[in-house]
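File shown: run_1.cif. Contents: mmCIF, C-alpha atoms.
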```
data_coords
loop_
_atom_site.label_atom_id
_atom_site.label_comp_id
_atom_site.auth_asym_id
_atom_site.auth_seq_id
_atom_site.Cartn_x
_atom_site.Cartn_y
_atom_site.Cartn_z
CA MET O 1 127.07 291.99 183.83
CA HIS O 2 127.13 288.24 183.89
CA ALA O 3 123.94 286.19 184.04
CA SER O 4 123.86 283.82 186.95
CA LEU O 5 123.21 280.17 186.22
CA PRO O 6 120.85 278.19 188.45
CA LEU O 7 122.72 275.74 190.62
CA GLN O 8 121.40 272.37 191.75
CA THR O 9 122.64 270.35 194.68
CA PHE O 10 124.13 267.04 193.57
CA SER O 11 122.28 263.99 194.86
CA PHE O 12 123.06 260.28 194.74
CA GLN O 13 119.37 259.37 194.75
CA ASN O 14 118.97 259.47 190.97
CA LEU O 15 122.02 257.36 190.22
CA PRO O 16 121.45 253.74 189.13
CA LYS O 17 121.98 251.32 192.00
CA VAL O 18 124.52 248.53 191.61
CA THR O 19 124.44 245.74 194.17
CA ARG O 20 127.31 243.55 195.30
CA GLU O 21 125.54 240.60 193.70
CA GLU O 22 125.58 242.32 190.30
CA ILE O 23 129.26 243.22 190.63
CA GLU O 24 130.17 239.65 191.58
CA PHE O 25 128.04 238.27 188.72
CA PHE O 26 129.80 240.31 186.03
CA ASN O 27 133.25 239.80 187.58
CA ARG O 28 132.73 236.04 187.51
CA TRP O 29 131.42 236.17 183.98
CA ALA O 30 134.48 238.15 182.87
CA SER O 31 136.71 235.42 184.34
CA ILE O 32 135.22 232.76 182.04
CA ALA O 33 134.25 234.83 179.00
CA PRO O 34 136.19 237.99 178.11
CA ALA O 35 133.46 238.79 175.55
CA GLU O 36 130.22 240.47 176.56
CA LEU O 37 127.46 238.40 178.06
CA LEU O 38 125.23 239.41 175.16
CA PRO O 39 127.45 240.34 172.16
CA PRO O 40 126.00 243.15 169.98
CA ASP O 41 125.61 240.86 166.96
CA LEU O 42 123.96 238.00 168.86
CA PRO O 43 120.27 238.89 168.17
CA GLN O 44 120.97 239.49 164.49
CA ARG O 45 122.67 236.09 164.17
CA MET O 46 119.65 234.44 165.78
CA PHE O 47 116.94 236.17 163.73
CA GLN O 48 118.77 235.68 160.43
CA GLN O 49 118.27 231.94 160.89
CA VAL O 50 114.46 232.23 160.62
CA GLU O 51 113.99 235.12 158.18
CA PRO O 52 113.90 232.82 155.11
CA PHE O 53 111.02 230.86 156.71
CA VAL O 54 108.91 233.88 157.78
CA HIS O 55 109.67 235.83 154.58
CA GLY O 56 110.76 239.05 156.21
CA ALA O 57 113.40 240.76 158.32
CA ILE O 58 113.07 241.06 162.10
CA ASP O 59 114.21 244.40 163.54
CA TRP O 60 115.25 244.57 167.19
CA GLN O 61 116.49 247.02 169.80
CA TRP O 62 117.41 246.65 173.48
CA THR O 63 114.86 248.62 175.51
CA SER O 64 116.20 248.26 179.03
CA THR O 65 119.46 248.06 180.85
CA ALA O 66 120.29 244.73 182.43
CA ARG O 67 119.19 244.34 186.04
CA MET O 68 118.82 241.68 188.69
CA ILE O 69 115.33 240.51 189.65
CA ASP O 70 113.89 237.79 191.86
CA ALA O 71 111.21 235.18 191.10
CA ALA O 72 108.39 237.40 192.41
CA GLN O 73 109.40 240.19 190.00
CA MET O 74 109.67 237.69 187.15
CA GLN O 75 106.08 236.61 187.87
CA GLN O 76 104.90 240.22 187.65
CA ILE O 77 106.65 240.67 184.29
CA CYS O 78 105.42 237.44 182.66
CA ILE O 79 101.69 238.16 182.29
CA PRO O 80 99.72 235.18 180.92
CA PRO O 81 98.99 234.04 178.34
CA THR O 82 102.57 234.17 177.13
CA LEU O 83 105.31 231.99 175.67
CA LEU O 84 108.09 231.15 178.14
CA VAL O 85 110.76 229.16 176.33
CA GLN O 86 112.82 226.92 178.65
CA VAL O 87 116.36 226.12 177.45
CA ALA O 88 118.77 223.72 179.17
CA LEU O 89 122.51 224.44 179.19
CA LEU O 90 124.10 221.00 179.14
CA PRO O 91 125.98 219.60 180.99
CA LEU O 92 124.99 222.23 183.57
CA GLU O 93 122.00 221.84 185.84
CA GLN O 94 120.77 225.36 185.07
CA ARG O 95 117.91 226.50 182.86
CA VAL O 96 117.49 229.80 180.99
CA TRP O 97 114.09 231.27 180.09
CA VAL O 98 113.15 233.58 177.22
CA GLU O 99 109.68 235.12 177.11
CA PHE O 100 108.49 235.73 173.55
CA SER O 101 105.59 237.95 172.54
CA PRO O 102 102.63 235.64 171.72
CA PHE O 103 101.21 238.14 169.23
CA LEU O 104 104.43 238.48 167.26
CA ALA O 105 104.90 234.69 167.37
CA ARG O 106 101.47 234.31 165.67
CA VAL O 107 102.45 236.83 163.00
CA MET O 108 105.60 234.84 162.25
CA LEU O 109 103.66 231.56 162.23
CA ASP O 110 101.09 232.96 159.83
CA ARG O 111 103.87 234.05 157.47
CA ALA O 112 105.56 230.66 157.74
CA LEU O 113 102.25 229.00 156.75
CA GLY O 114 101.83 231.23 153.68
CA GLY O 115 99.66 234.01 155.14
CA ASN O 116 100.17 237.76 155.17
CA GLY O 117 100.42 238.11 158.96
CA ASP O 118 97.69 240.74 159.10
CA ASN O 119 94.74 238.82 160.56
CA ILE O 120 95.91 237.58 163.96
CA GLU O 121 93.67 236.51 166.83
CA GLU O 122 95.10 237.52 170.20
CA GLY O 123 94.78 235.87 173.60
CA VAL O 124 94.35 232.34 172.25
CA PRO O 125 96.89 229.60 173.13
CA LEU O 126 98.89 228.06 170.31
CA SER O 127 97.47 224.90 168.79
CA ASP O 128 99.61 221.76 168.70
CA ILE O 129 100.43 222.38 165.03
CA GLU O 130 101.34 226.03 165.68
CA LYS O 131 103.43 225.03 168.71
CA GLY O 132 105.32 222.49 166.58
CA ILE O 133 106.12 225.07 163.89
CA PHE O 134 107.12 227.66 166.48
CA THR O 135 109.42 225.08 168.09
CA TYR O 136 111.06 224.56 164.69
CA LEU O 137 111.66 228.32 164.36
CA LEU O 138 113.08 228.44 167.89
CA LEU O 139 115.51 225.63 167.09
CA LYS O 140 116.71 227.62 164.09
CA MET O 141 117.30 230.69 166.26
CA MET O 142 119.10 228.58 168.87
CA ARG O 143 121.60 227.58 166.19
CA GLY O 144 122.81 231.18 166.01
CA LEU O 145 122.85 231.35 169.80
CA GLN O 146 124.87 228.13 170.03
CA GLU O 147 127.53 229.39 167.60
CA THR O 148 127.91 232.83 169.16
CA TRP O 149 127.40 232.28 172.88
CA ALA O 150 127.41 228.63 173.94
CA THR O 151 130.20 227.16 171.79
CA PRO O 152 133.06 229.10 173.45
CA GLN O 153 131.78 227.83 176.83
CA ASN O 154 131.61 224.17 175.67
CA LEU O 155 127.87 224.09 176.34
CA GLU O 156 125.07 222.41 174.46
CA LEU O 157 121.70 224.15 174.22
CA ARG O 158 118.55 222.04 174.37
CA LEU O 159 114.98 223.32 173.97
CA GLU O 160 112.99 221.61 176.72
CA GLU O 161 109.57 223.22 177.03
CA ILE O 162 107.35 226.15 176.07
CA HIS O 163 105.28 227.27 179.06
CA PRO O 164 102.06 229.31 178.68
CA SER O 165 102.63 231.14 182.00
CA PHE O 166 105.04 231.63 184.87
CA TYR O 167 102.99 229.32 187.10
CA ALA O 168 103.97 226.31 184.97
CA LEU O 169 107.65 226.67 185.91
CA GLN O 170 107.72 228.27 189.36
CA GLU O 171 107.88 224.87 191.13
CA THR O 172 111.15 224.12 189.32
CA LEU O 173 112.84 227.28 190.65
CA ALA O 174 115.05 226.92 193.71
CA PRO O 175 114.16 229.19 196.66
CA GLY O 176 115.94 232.53 196.46
CA THR O 177 116.69 232.28 192.72
CA THR O 178 117.65 235.61 191.14
CA PHE O 179 117.89 236.43 187.45
CA TYR O 180 119.88 238.57 185.07
CA TYR O 181 117.06 240.28 183.16
CA LYS O 182 117.11 242.19 179.89
CA GLU O 183 114.37 243.09 177.38
CA MET O 184 114.34 243.93 173.68
CA SER O 185 111.62 245.29 171.40
CA LEU O 186 110.94 243.49 168.13
CA GLN O 187 109.34 244.70 164.92
CA PHE O 188 108.20 242.48 162.06
CA LEU O 189 106.16 243.65 159.07
CA GLY O 190 105.02 246.72 161.00
CA GLN O 191 103.90 244.66 164.00
CA HIS O 192 105.50 245.13 167.39
CA GLY O 193 106.46 242.61 170.06
CA PHE O 194 109.13 241.80 172.62
CA ALA O 195 111.63 239.20 173.84
CA ARG O 196 112.83 238.99 177.45
CA LEU O 197 115.81 237.08 178.82
CA PHE O 198 115.81 235.54 182.32
CA LEU O 199 119.23 234.07 183.13
CA PRO O 200 119.83 232.61 186.65
CA THR O 201 122.68 234.48 188.29
CA ASN O 202 124.09 231.32 189.91
CA LEU O 203 124.79 230.04 186.39
CA VAL O 204 128.22 231.64 186.53
CA TYR O 205 129.05 229.72 189.71
CA GLU O 206 128.70 226.49 187.75
CA MET O 207 130.77 227.83 184.89
CA THR O 208 133.70 229.09 187.00
CA ASN O 209 134.68 225.84 188.72
CA ALA O 210 137.62 224.95 186.46
CA LEU O 211 140.76 224.04 188.38
CA PRO O 212 142.83 227.11 189.29
CA ASP O 213 146.05 225.79 187.75
CA LEU O 214 144.33 225.32 184.39
CA ARG O 215 143.34 228.99 184.31
CA GLN O 216 146.75 230.53 184.93
CA SER O 217 147.18 231.30 181.25
CA GLN O 218 145.29 230.75 178.03
CA GLU O 219 148.28 228.89 176.59
CA GLU O 220 148.31 226.33 179.41
CA TYR O 221 144.56 225.85 179.12
CA GLN O 222 144.74 225.27 175.35
CA PHE O 223 147.68 222.90 175.83
CA PHE O 224 145.60 220.84 178.24
CA GLN O 225 142.52 220.82 176.00
CA GLN O 226 144.53 219.62 173.01
CA ARG O 227 145.90 216.63 174.94
CA ILE O 228 143.01 215.56 177.16
CA HIS O 229 142.19 212.81 174.64
CA ARG O 230 145.32 210.94 175.76
CA VAL O 231 143.81 210.17 179.15
CA ALA O 232 140.12 210.76 178.36
CA GLU O 233 139.11 207.09 178.57
CA THR O 234 141.09 206.28 181.72
CA PRO O 235 138.75 204.72 184.32
CA VAL O 236 138.54 206.88 187.44
CA GLU O 237 137.01 206.13 190.84
CA GLY O 238 136.05 208.95 193.14
CA TYR O 239 135.06 208.53 196.75
CA LEU O 240 133.25 210.86 199.11
CA ARG O 241 134.85 211.10 202.54
CA VAL O 242 133.04 212.61 205.50
CA GLY O 243 135.67 212.11 208.18
CA THR O 244 139.32 211.17 208.77
CA VAL O 245 141.52 210.14 211.68
CA ASP O 246 145.22 209.24 211.95
CA LEU O 247 145.93 205.95 213.75
CA SER O 248 149.23 204.40 214.68
CA GLU O 249 150.20 201.03 213.24
CA ALA O 250 149.53 199.39 216.62
CA ASP O 251 146.08 201.01 216.97
CA LEU O 252 145.08 199.99 213.46
CA VAL O 253 146.15 196.37 213.95
CA GLY O 254 144.38 196.22 217.32
CA LEU O 255 140.97 197.44 216.10
CA GLN O 256 138.04 195.26 217.18
CA THR O 257 134.28 195.25 216.66
CA ASP O 258 132.41 197.80 218.84
CA ASP O 259 135.56 199.91 219.31
CA ILE O 260 134.89 203.66 219.04
CA ILE O 261 137.38 205.92 217.27
CA LEU O 262 137.18 209.68 217.84
CA ILE O 263 137.58 211.33 214.46
CA ARG O 264 139.63 214.42 213.76
CA GLU O 265 137.38 215.81 211.05
CA CYS O 266 133.71 215.21 210.30
CA MET O 267 131.50 217.29 208.04
CA ALA O 268 128.38 215.10 207.96
CA HIS O 269 125.81 213.71 210.35
CA ARG O 270 122.56 211.75 210.37
CA ARG O 271 119.35 213.65 210.98
CA GLU O 272 117.43 212.57 214.05
CA GLU O 273 114.01 212.68 212.42
CA ASP O 274 114.67 210.29 209.49
CA ARG O 275 118.26 208.99 210.00
CA LEU O 276 119.28 210.29 206.58
CA TRP O 277 122.56 212.06 205.85
CA ASP O 278 123.05 215.79 206.06
CA GLY O 279 126.08 218.09 205.89
CA GLU O 280 129.06 217.96 203.54
CA GLY O 281 131.77 215.69 202.24
CA ILE O 282 134.92 215.85 200.11
CA LEU O 283 134.88 214.01 196.78
CA GLN O 284 138.41 213.08 195.70
CA PHE O 285 139.82 210.98 192.88
CA SER O 286 143.16 210.03 194.47
CA ASP O 287 144.46 208.75 197.80
CA HIS O 288 146.73 211.81 197.97
CA PRO O 289 144.72 214.53 196.19
CA HIS O 290 145.86 218.04 195.46
CA TYR O 291 142.35 219.14 194.45
CA ALA O 292 138.92 217.82 195.40
CA LEU O 293 135.24 218.77 195.24
CA ARG O 294 133.38 220.01 198.29
CA CYS O 295 129.86 218.57 198.11
CA SER O 296 126.68 219.02 200.11
CA LEU O 297 124.61 215.90 200.78
CA GLN O 298 121.17 215.77 199.17
CA ASN O 299 118.87 213.13 200.67
CA ASP O 300 115.21 212.49 201.26
CA ALA O 301 113.11 209.38 201.81
CA SER O 302 112.29 209.01 198.09
CA MET O 303 115.93 208.67 197.00
CA PRO O 304 117.23 205.10 196.81
CA LEU O 305 120.86 206.27 196.63
CA ILE O 306 122.85 209.05 198.27
CA GLN O 307 123.14 212.20 196.17
CA ALA O 308 125.73 214.95 196.51
CA ARG O 309 125.67 218.47 195.06
CA ILE O 310 129.01 219.94 193.93
CA GLU O 311 129.60 223.23 195.75
CA GLU O 312 133.18 224.19 194.83
CA VAL O 313 136.64 222.99 193.84
CA VAL O 314 139.02 223.10 196.80
CA GLN O 315 142.80 222.88 196.92
CA LEU O 316 144.01 220.39 199.53
CA ALA O 317 147.76 220.45 198.90
CA GLU O 318 150.33 222.21 196.75
CA PRO O 319 150.19 221.12 193.09
CA PRO O 320 152.83 218.58 192.06
CA MET O 321 155.88 219.68 190.12
CA LEU O 322 155.25 219.12 186.42
CA GLY O 323 157.52 218.81 183.38
CA THR O 324 160.53 217.07 184.96
CA ILE O 325 161.16 213.38 185.68
CA ASP O 326 163.63 212.72 188.47
CA ARG O 327 165.17 209.25 188.04
CA SER O 328 167.71 209.52 190.85
CA GLU O 329 165.62 207.33 193.16
CA TYR O 330 165.58 204.39 190.77
CA LEU O 331 168.85 203.00 192.14
CA MET O 332 167.96 199.34 191.67
CA ASP O 333 167.33 199.83 187.96
CA GLU O 334 170.54 201.77 187.48
CA GLN O 335 172.58 199.17 189.35
CA HIS O 336 170.71 196.28 187.66
CA ILE O 337 169.86 194.66 190.98
CA ALA O 338 166.82 192.38 191.07
CA PRO O 339 164.36 192.96 193.96
CA SER O 340 165.11 189.53 195.46
CA GLU O 341 168.87 190.19 195.36
CA TYR O 342 168.29 193.58 197.00
CA GLU O 343 166.29 192.04 199.86
CA GLU O 344 168.98 189.40 200.43
CA SER O 345 171.72 192.01 200.57
CA GLN O 346 169.76 194.19 203.01
CA GLY O 347 168.18 191.45 205.11
CA GLY O 348 164.45 190.81 205.59
CA PRO O 349 162.18 193.07 207.64
CA GLU O 350 161.85 190.43 210.37
CA ASP O 351 165.58 190.74 211.10
CA ASN O 352 165.11 194.39 211.96
CA TYR O 353 161.70 194.41 213.68
CA ASP O 354 162.94 194.45 217.28
CA GLU O 355 165.02 197.52 216.58
CA MET O 356 162.79 199.45 214.16
CA GLY O 357 159.36 198.26 215.36
CA PRO O 358 158.91 201.10 217.88
CA VAL O 359 159.71 203.63 215.15
CA LEU O 360 157.12 202.05 212.84
CA SER O 361 154.44 202.36 215.52
CA ASP O 362 154.80 206.16 215.37
CA VAL O 363 154.01 206.31 211.63
CA PRO O 364 150.45 207.71 211.26
CA VAL O 365 148.03 205.68 209.14
CA PRO O 366 145.08 207.73 207.79
CA LEU O 367 141.72 206.03 208.31
CA VAL O 368 138.98 207.51 206.13
CA ALA O 369 135.23 207.35 206.79
CA GLU O 370 133.82 206.95 203.29
CA LEU O 371 130.18 207.54 202.40
CA GLY O 372 130.16 206.22 198.82
CA ARG O 373 131.88 206.13 195.45
CA ILE O 374 131.29 207.08 191.83
CA ASN O 375 132.86 205.48 188.76
CA CYS O 376 133.58 207.51 185.64
CA ARG O 377 136.29 208.26 183.11
CA ALA O 378 138.79 211.09 183.09
CA ARG O 379 136.86 213.00 180.40
CA ASP O 380 133.76 213.03 182.63
CA ILE O 381 135.59 215.05 185.29
CA MET O 382 136.04 217.90 182.80
CA TYR O 383 132.24 218.12 182.41
CA LEU O 384 131.51 218.39 186.14
CA ARG O 385 130.06 221.73 187.20
CA VAL O 386 129.26 223.49 190.45
CA GLY O 387 125.61 222.80 191.26
CA GLN O 388 125.61 219.43 189.52
CA ILE O 389 124.03 216.50 191.39
CA LEU O 390 126.04 213.27 191.59
CA GLU O 391 124.61 209.90 192.58
CA LEU O 392 126.76 207.63 194.76
CA ASN O 393 126.73 203.83 194.83
CA ARG O 394 125.37 203.69 198.37
CA SER O 395 121.96 203.68 200.02
CA PRO O 396 121.59 206.44 202.64
CA HIS O 397 120.66 203.77 205.19
CA GLU O 398 123.94 201.82 204.87
CA PRO O 399 126.85 202.29 207.30
CA LEU O 400 130.14 204.02 206.44
CA ASP O 401 133.09 202.26 204.84
CA LEU O 402 136.38 202.42 206.78
CA VAL O 403 139.15 202.81 204.23
CA VAL O 404 142.95 202.71 204.55
CA GLN O 405 145.03 203.51 201.45
CA GLY O 406 142.03 202.97 199.19
CA GLN O 407 141.18 199.54 200.66
CA SER O 408 138.09 198.95 202.80
CA ILE O 409 138.96 197.33 206.13
CA GLY O 410 135.47 197.35 207.64
CA ARG O 411 132.29 199.33 208.31
CA GLY O 412 131.19 201.71 211.03
CA GLU O 413 128.58 204.23 212.13
CA LEU O 414 128.80 207.75 213.53
CA VAL O 415 128.23 208.09 217.26
CA GLU O 416 128.56 210.93 219.77
CA VAL O 417 130.86 210.55 222.78
CA ASP O 418 130.94 213.37 225.34
CA GLY O 419 130.03 215.94 222.72
CA LYS O 420 132.57 214.63 220.18
CA LEU O 421 131.90 212.57 217.07
CA GLY O 422 133.34 209.12 216.71
CA ILE O 423 132.98 205.98 214.60
CA ARG O 424 131.83 202.75 216.17
CA ILE O 425 133.27 199.70 214.43
CA ILE O 426 130.43 197.47 213.16
CA SER O 427 132.50 194.94 211.23
CA LEU O 428 136.10 194.31 210.18
CA HIS O 429 137.36 192.47 207.12
CA ARG O 430 140.05 189.85 207.34
#
```
What is this structure when it is put down as structure tokens?
Amino acid sequence: MHASLPLQTFSFQNLPKVTREEIEFFNRWASIAPAELLPPDLPQRMFQQVEPFVHGAIDWQWTSTARMIDAAQMQQICIPPTLLVQVALLPLEQRVWVEFSPFLARVMLDRALGGNGDNIEEGVPLSDIEKGIFTYLLLKMMRGLQETWATPQNLELRLEEIHPSFYALQETLAPGTTFYYKEMSLQFLGQHGFARLFLPTNLVYEMTNALPDLRQSQEEYQFFQQRIHRVAETPVEGYLRVGTVDLSEADLVGLQTDDIILIRECMAHRREEDRLWDGEGILQFSDHPHYALRCSLQNDASMPLIQARIEEVVQLAEPPMLGTIDRSEYLMDEQHIAPSEYEESQGGPEDNYDEMGPVLSDVPVPLVAELGRINCRARDIMYLRVGQILELNRSPHEPLDLVVQGQSIGRGELVEVDGKLGIRIISLHR
């Protein structure tokens, strides 16, 4: 006779929930860092940096699985008084926060000052002297974090502030911010404490904006990194365009003040309430770009200059062919004909205008509505990140520049004509 085993109906209710946001977060992280987000030896590397100063070993253990939380949940976790350490990840615009147990911090401080760590007063904020010493210990721990986690990502860690509560930093958080959250328990000289990591999930969006063609293989990426110094100091000018239109040669020559040109593409507009810019633009560093940066315009009355936030890298055209130089078109050099001799043999353009003029009038000339420019060097482009704020050389109250082949030919303003956007010519340069 066989004993019957009790059977239970399988249910999905007790399984851990994984959201699409979490899946996308870890997929993006894997694309920039094959290693784990928090390598197993990372805490040990950090704590080893301070053990000689506190005269004892710090034991640790992860106590929770990583999960995504919002700012309201972070506020519930960070009960004051506490120690919220704010760390900047340069050159990114993001901040990371680590909450450290105030009690265990006092035990470590007492040991660093020559005490036994057994007579600790709880619930009292750190004095200026204690805060200075604790900052020194944090900088030591950040050295291990820099070597293990930040160095492969070409980031620089900077300790910015130690907040006593969540309320001190909540105004700096963007609406809708979510965090990658994980907690560990700490033990030091028989005393228990904790450390909690709050990492903004949109951090990975800033770290995954490298150009697609540079990520095709690790070999190509390393090749580029090893040779960037050759062009690193090259001056570069980028300009933010908000609209374009193709004109014929005759239309371009015939432009006059107060003319209105209907534009083919426009991503920006002026707000009615304050006449400041809103919408998007394309930041490019060449007249014929293959890649550019899509930016959202950031303006309010307190800003003297237009600001743009980098949203993503976009591909505008097929990448150029690399690795081969085709010299077949350099016929004059190969035949040793001077430019003046070539013109004499072919005749001047005026001799051919009556015949070829109508053909020339069909050649489209791109007219670009430009909102502003930035000046930098080639190396600076490699440090740009999604989410970074750029400042243009233009007041938000100034009109647009009208640009042809990189040269400004005049200025204009956006107007609406029968439901379509156009540019009214304000002035034209000679």
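From atom CA of Arg241 of chain O back to atom CA of Gly281 of chain O, the distance works out to 5.5 Å.
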**Asked** So how far away is atom CA of Ser101 of chain O from atom CA of Pro39 of chain O, in Å?
**Response**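 Interatomic distance, atom CA of Pro39 of chain O to atom CA of Ser101 of chain O: 22.0 Å.
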**Prompt:** Using all atoms listed in the file, which of the listed residues (O:Leu390, O:Leu252, O:Leu83, O:Val236) sits closest to Ala378 of chain O?
**Reply:** O:Val236
**Message:** One decimal, in Å: what's the spacing between atom CA of Gly176 of chain O and atom CA of Gln75 of chain O?
**Reply:** 13.7 Å
**Prompt:** Using only C-alpha atoms, which of the listed residues (O:Leu104, O:Ala195, O:Gly422, O:Gly117) sits closest to Val245 of chain O?
**Reply:**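 Counting only C-alpha atoms, the residue closest to Val245 of chain O is O:Gly422.
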**Asked** Quick one: residues within 10 Å of Met184 of chain O, all atoms listed in the file counted, chain neighbours fewer than 4 positions away excluded, as a list in words?
**Response** Pro43, Trp60, Gln61, Trp62, Thr63, Ser64, Thr65, Gly193, Phe194, Ala195, Arg196 and Leu197 of chain O
**Request:** Give me the result of the PyMOL selection byres ((chain O and resi 138) around 10) on this file, residue by residue, as a PyMOL selection string.
**Result:** chain O and resi 46-47+49-50+85+132-137+139-143+159
**Item:** Using only C-alpha atoms: which of O:Ser248, O:Gln146, O:Gln388, O:Thr234 has the shortest distance to Gln307 of chain O
**Value:** O:Gln388
**Request:** Using all atoms listed in the file, find the one residue out of O:Leu316, O:Leu400, O:Leu276, O:Ile409 that sits nearest to Tyr239 of chain O.
**Result:**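 With all atoms listed in the file as the atom set, the closest residue is O:Leu400.
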**Asked** In terms of the shortest atom-to-atom distance over all atoms listed in the file, which of O:Pro81, O:Gly238, O:Pro52, O:Pro366 is closest to Arg111 of chain O?
**Response**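 Selected residue with least distance to Arg111 of chain O: O:Pro52.
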**Request:** Would you kindly translate the PyMOL selection byres ((chain O and resi 298) around 8) into the concrete residues it picks from this file, as a list in words?
**Result:**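 Expected selection for the PyMOL selection byres ((chain O and resi 298) around 8) here is Trp277, Asp278, Ser296, Leu297, Asn299, Asp300, Ile306, Gln307, Ala308 and Arg309 of chain O.
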**Shortest interatomic distance to Leu421 of chain O - which of O:Pro304, O:Leu247, O:Val96, O:Val242, counting all atoms listed in the file** = O:Val242
**Request:** Convert the output of the PyMOL selection byres ((chain O and resi 403) around 10) on the shown file into explicit residues, formatted as a ChimeraX atom specification.
**Result:** /O:241,244,366-370,400-402,404-411
Generate the missing atoms of segment 243-256 of chain O up to N, CA and C atoms and report them as a CSV table (one decimal), in the frame of the given file.
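Written output follows (selection.csv):
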```csv
chain,number,residue,atom,x,y,z
O,243,GLY,N,134.9,212.0,207.0
O,243,GLY,CA,135.7,212.1,208.2
O,243,GLY,C,137.0,211.4,208.0
O,244,THR,N,138.0,211.8,208.8
O,244,THR,CA,139.3,211.2,208.8
O,244,THR,C,139.9,211.2,210.2
O,245,VAL,N,140.8,210.2,210.4
O,245,VAL,CA,141.5,210.1,211.7
O,245,VAL,C,142.8,209.4,211.4
O,246,ASP,N,143.9,209.9,212.1
O,246,ASP,CA,145.2,209.2,212.0
O,246,ASP,C,145.4,208.2,213.1
O,247,LEU,N,145.7,207.0,212.8
O,247,LEU,CA,145.9,206.0,213.8
O,247,LEU,C,147.4,205.5,213.6
O,248,SER,N,147.9,205.0,214.7
O,248,SER,CA,149.2,204.4,214.7
O,248,SER,C,149.1,203.0,214.1
O,249,GLU,N,150.2,202.4,213.8
O,249,GLU,CA,150.2,201.0,213.2
O,249,GLU,C,149.6,200.1,214.3
O,250,ALA,N,150.0,200.3,215.6
O,250,ALA,CA,149.5,199.4,216.6
O,250,ALA,C,148.0,199.5,216.8
O,251,ASP,N,147.5,200.8,216.8
O,251,ASP,CA,146.1,201.0,217.0
O,251,ASP,C,145.3,200.4,215.8
O,252,LEU,N,145.8,200.5,214.6
O,252,LEU,CA,145.1,200.0,213.5
O,252,LEU,C,145.0,198.5,213.5
O,253,VAL,N,146.1,197.8,213.9
O,253,VAL,CA,146.2,196.4,214.0
O,253,VAL,C,145.3,195.9,215.1
O,254,GLY,N,145.1,196.7,216.2
O,254,GLY,CA,144.4,196.2,217.3
O,254,GLY,C,142.9,196.6,217.3
O,255,LEU,N,142.4,197.1,216.2
O,255,LEU,CA,141.0,197.4,216.1
O,255,LEU,C,140.1,196.2,216.3
O,256,GLN,N,139.0,196.3,217.0
O,256,GLN,CA,138.0,195.3,217.2
O,256,GLN,C,136.6,195.8,217.0
```
